Amino acid sequence: FCQLQSKQQQEKRCSSFGIAFDIDGVILRGRVPIGGSPQALRRLYEDSGSLKVPFLFLTNGGGIPESRRAIELSEILSVKILPSQVLQGHSPFKNLLKRYENQLIIATGKGEPALVMSEYGFKKVLSLEEYASFFENIDPVSQYKRWTTEQVSNRTKGSLSLNMTPRCNVSSEAVKAVFIVSDPVDWGRDIQVLSDVLRSGGLPGQENGHQPPLYFAADDLEYQAAFPSQRLGMGAFRIALESVFNRIHHNALENVSFGKPNPFVFKNAEAILSQLQLCSHIESNFKECGGPGSPPLKTLYVIGDNPSVDVKGAHQAGNPWFSILTRTGVFRGESNHAEFPADLVVDTVAEAVDYILQREG
Ligand code: G3P
Ligand code: MG
């Protein structure tokens, strides 16, 4: 989980607080750092480069394994990020491993959704693209699409243990669950194929059957990306799929969404921050810092840009969460948000970190 710190590092006092950073609209827009994020993050490290303040990224985004996202973030932000510091919308999907480990499941979304699920341990996962390729004419407009994707080929490069797309007979083996891992790329194809899978009980083209479970990594209606105004997120895709499905099928679509603002996401972040606190003091101050019987982190700050996701989540999680809203993403208001007011509103993430470090002395 963590790497041992140097002797000099172990002698500092324990941090009594931790920070969870939202990514889109706070740290990055697209792949570009915003709000002074690299400099702000650097303040959370010792000169030696080891962690001074436990922090992590709590994003509803995703599409690549946490280990790869950590490398990508380290490069973009010029600080060393560990995989354990990256919590993505789909990270809780690994908790469903026992239920679906050897079952045929579909994963869809931008990036490499099947690789993400394979790395969590799911043995029989197909990307929606791979799955659709077994059914001739399932997408009636595919011949008009001029783009190609590299998802299938990239997957084979993912890891040594994942060098094969699982074998299965899709005409007799029913899909047992569908996972929307990240923002879907081809909404039209995905709505068509998922409607087929979901209404047929996992066997497209066949009679109606019991709907397999459908899991969304998050439910953001909109989020802040590189374009000046907000972009449609996974929540918008859910509404589109649900609207269509409920018109063509007699039973309403059943689905579950993970990600913020669910309180369990914040509970999990709290547990990881405590472990990170322990990591930075693992040898010398075991009792005082994060070890058994040690005081918990007194304040956990979440810095976000979306009131109905980041701030609402902090409200629902309750103590010890303290919410800070920046004006670099979804929220742009002069004063606080009316429905989900944050504990503090600032312009940028740099200002937020400044406030936290001053407050914590
Ligand atoms: O697709 C990403 C988006 O829904 C939100 O990401 O980092 O703002 O939680 P984030
Ligand atoms: Mg955000």
# chains A, B, ... in the order shown; residues from 1 in each chain; ligands from 1
$ residues_around --residues "stretch 321-333 of chain A" --least-positions-apart "5" --cutoff "6 Å" --atoms "only C-alpha atoms" --output "ChimeraX atom specification"
/A:25,224,300-306,311,314,342-348
$ closest_atom_pairs --of "stretch 86-118 of chain A" --to "stretch 61-65 of chain A" --cutoff "12 Å" --atoms "only C-alpha atoms" --output "CSV"
residue,atom,partner,partner_atom,distance
A:Val86,CA,A:Pro65,CA,9.5
A:Leu87,CA,A:Gly62,CA,8.9
A:Gln88,CA,A:Gly62,CA,5.5
A:Gly89,CA,A:Gly61,CA,5.5
A:His90,CA,A:Gly62,CA,6.8
A:Ser91,CA,A:Gly62,CA,8.7
A:Pro92,CA,A:Gly62,CA,11.8
A:Phe93,CA,A:Pro65,CA,11.9
A:Lys94,CA,A:Pro65,CA,11.5
A:Ala107,CA,A:Gly63,CA,10.1
A:Thr108,CA,A:Gly63,CA,8.9
A:Gly109,CA,A:Gly63,CA,6.7
A:Lys110,CA,A:Gly63,CA,5.7
A:Gly111,CA,A:Gly63,CA,4.6
A:Glu112,CA,A:Gly63,CA,5.6
A:Pro113,CA,A:Gly63,CA,5.5
A:Ala114,CA,A:Gly63,CA,9.0
A:Leu115,CA,A:Pro65,CA,7.3
A:Val116,CA,A:Pro65,CA,4.9
A:Met117,CA,A:Pro65,CA,8.3
A:Ser118,CA,A:Pro65,CA,9.4
$ closest_residue --among "A:Pro263, A:Pro307, A:Gly18, A:Gly30" --to "A:Phe340" --atoms "only C-alpha atoms"
A:Pro307
$ residues_near_ligand --ligand "ligand 1" --cutoff "7 Å" --atoms "only C-alpha atoms and all ligand atoms" --output "MDAnalysis selection string"
chainID A and resid 22:25 58:62 182:183 218 220 222:224 233:234 305
$ write_last_selection --atoms "C-alpha atoms" --output "PDB file, in the first residue's frame"
ATOM      1  CA  ASP A  22     -11.875  16.315  -7.126  1.00  0.00           C
ATOM      2  CA  ILE A  23     -10.124  16.179 -10.517  1.00  0.00           C
ATOM      3  CA  ASP A  24     -12.274  17.573 -13.348  1.00  0.00           C
ATOM      4  CA  GLY A  25     -12.914  21.264 -12.825  1.00  0.00           C
ATOM      5  CA  LEU A  58     -11.686  11.471  -5.431  1.00  0.00           C
ATOM      6  CA  THR A  59     -13.070  11.638  -8.948  1.00  0.00           C
ATOM      7  CA  ASN A  60     -16.214  10.362 -10.622  1.00  0.00           C
ATOM      8  CA  GLY A  61     -14.214  10.032 -13.817  1.00  0.00           C
ATOM      9  CA  GLY A  62     -12.200   7.014 -14.939  1.00  0.00           C
ATOM     10  CA  SER A 182     -16.713   5.649 -17.806  1.00  0.00           C
ATOM     11  CA  ASP A 183     -18.474   8.153 -20.072  1.00  0.00           C
ATOM     12  CA  ALA A 218     -21.295   7.706 -11.322  1.00  0.00           C
ATOM     13  CA  ASP A 220     -22.953  13.234 -12.995  1.00  0.00           C
ATOM     14  CA  GLU A 222     -22.688  17.432 -16.419  1.00  0.00           C
ATOM     15  CA  TYR A 223     -19.014  18.025 -15.672  1.00  0.00           C
ATOM     16  CA  GLN A 224     -16.318  20.503 -16.579  1.00  0.00           C
ATOM     17  CA  GLY A 233     -21.765  13.181 -18.207  1.00  0.00           C
ATOM     18  CA  MET A 234     -22.694   9.643 -17.282  1.00  0.00           C
ATOM     19  CA  ASP A 305     -16.379  22.143  -8.224  1.00  0.00           C
TER      20      ASP A 305
END
$ closest_residue --among "A:Gln230, A:Gln39, A:Asn262, A:Gln192" --to "ligand 2" --atoms "only C-alpha atoms and all ligand atoms"
A:Gln230
$ closest_residue --among "A:Asp310, A:Asp196, A:Glu101, A:Glu136" --to "ligand 2" --atoms "only C-alpha atoms and all ligand atoms"
A:Asp310
$ closest_residue --among "A:Leu253, A:Leu44, A:Leu278, A:Ile27" --to "ligand 2" --atoms "only C-alpha atoms and all ligand atoms"
A:Ile27
$ closest_residue --among "A:Phe57, A:Pro320, A:Ala174, A:Phe216" --to "A:Gly201" --atoms "only C-alpha atoms"
A:Ala174
$ atom_distance --atom1 "atom CA of A:Val125" --atom2 "atom CA of A:Lys176"
10.3 Å
$ closest_residue --among "A:Ala70, A:Val79, A:Ile356, A:Ala338" --to "A:Ser48" --atoms "only C-alpha atoms"
A:Val79
$ closest_atom_pairs --of "stretch 8-114 of chain A" --to "stretch 266-277 of chain A" --cutoff "9 Å" --atoms "only C-alpha atoms" --output "JSON lines"
{"residue": "A:Cys14", "atom": "CA", "partner": "A:Gln277", "partner_atom": "CA", "distance": 7.5}
{"residue": "A:Ser15", "atom": "CA", "partner": "A:Gln277", "partner_atom": "CA", "distance": 7.0}
{"residue": "A:Ser16", "atom": "CA", "partner": "A:Gln277", "partner_atom": "CA", "distance": 8.6}
{"residue": "A:Phe17", "atom": "CA", "partner": "A:Leu273", "partner_atom": "CA", "distance": 8.8}
{"residue": "A:Gly18", "atom": "CA", "partner": "A:Leu273", "partner_atom": "CA", "distance": 6.2}
{"residue": "A:Ile19", "atom": "CA", "partner": "A:Leu273", "partner_atom": "CA", "distance": 7.9}
{"residue": "A:Ala20", "atom": "CA", "partner": "A:Ala269", "partner_atom": "CA", "distance": 7.5}
{"residue": "A:Leu51", "atom": "CA", "partner": "A:Leu276", "partner_atom": "CA", "distance": 8.6}
{"residue": "A:Lys52", "atom": "CA", "partner": "A:Gln277", "partner_atom": "CA", "distance": 8.6}
{"residue": "A:Val53", "atom": "CA", "partner": "A:Gln277", "partner_atom": "CA", "distance": 7.5}
{"residue": "A:Pro54", "atom": "CA", "partner": "A:Gln277", "partner_atom": "CA", "distance": 5.4}
{"residue": "A:Phe55", "atom": "CA", "partner": "A:Leu273", "partner_atom": "CA", "distance": 6.4}
{"residue": "A:Leu56", "atom": "CA", "partner": "A:Leu273", "partner_atom": "CA", "distance": 7.2}
{"residue": "A:Phe57", "atom": "CA", "partner": "A:Ala269", "partner_atom": "CA", "distance": 8.9}
{"residue": "A:Leu58", "atom": "CA", "partner": "A:Ala269", "partner_atom": "CA", "distance": 7.5}
{"residue": "A:Ser84", "atom": "CA", "partner": "A:Ile272", "partner_atom": "CA", "distance": 7.6}
{"residue": "A:Gln85", "atom": "CA", "partner": "A:Ile272", "partner_atom": "CA", "distance": 7.8}
{"residue": "A:Leu87", "atom": "CA", "partner": "A:Ala269", "partner_atom": "CA", "distance": 7.7}
$ write_last_selection --atoms "C-alpha atoms" --output "mmCIF file, in the first residue's frame"
data_model
loop_
_atom_site.group_PDB
_atom_site.id
_atom_site.type_symbol
_atom_site.label_atom_id
_atom_site.label_comp_id
_atom_site.auth_asym_id
_atom_site.auth_seq_id
_atom_site.Cartn_x
_atom_site.Cartn_y
_atom_site.Cartn_z
ATOM 1 C CA CYS A 14 1.373 13.506 12.603
ATOM 2 C CA SER A 15 -1.049 15.240 10.316
ATOM 3 C CA SER A 16 -4.470 15.531 11.926
ATOM 4 C CA PHE A 17 -6.188 16.265 8.623
ATOM 5 C CA GLY A 18 -6.446 14.896 5.118
ATOM 6 C CA ILE A 19 -7.567 16.227 1.738
ATOM 7 C CA ALA A 20 -9.659 14.701 -1.071
ATOM 8 C CA LEU A 51 4.083 12.852 1.676
ATOM 9 C CA LYS A 52 3.544 15.433 4.442
ATOM 10 C CA VAL A 53 -0.236 15.705 4.329
ATOM 11 C CA PRO A 54 -2.327 12.639 3.447
ATOM 12 C CA PHE A 55 -4.263 13.387 0.292
ATOM 13 C CA LEU A 56 -5.977 11.547 -2.527
ATOM 14 C CA PHE A 57 -7.970 12.157 -5.684
ATOM 15 C CA LEU A 58 -11.686 11.471 -5.431
ATOM 16 C CA SER A 84 -3.714 4.069 -3.661
ATOM 17 C CA GLN A 85 -4.222 7.840 -3.923
ATOM 18 C CA LEU A 87 -10.222 6.728 -6.250
#
$ atom_distance --atom1 "atom CA of A:Ser142" --atom2 "atom CA of A:Gly205"
17.4 Å
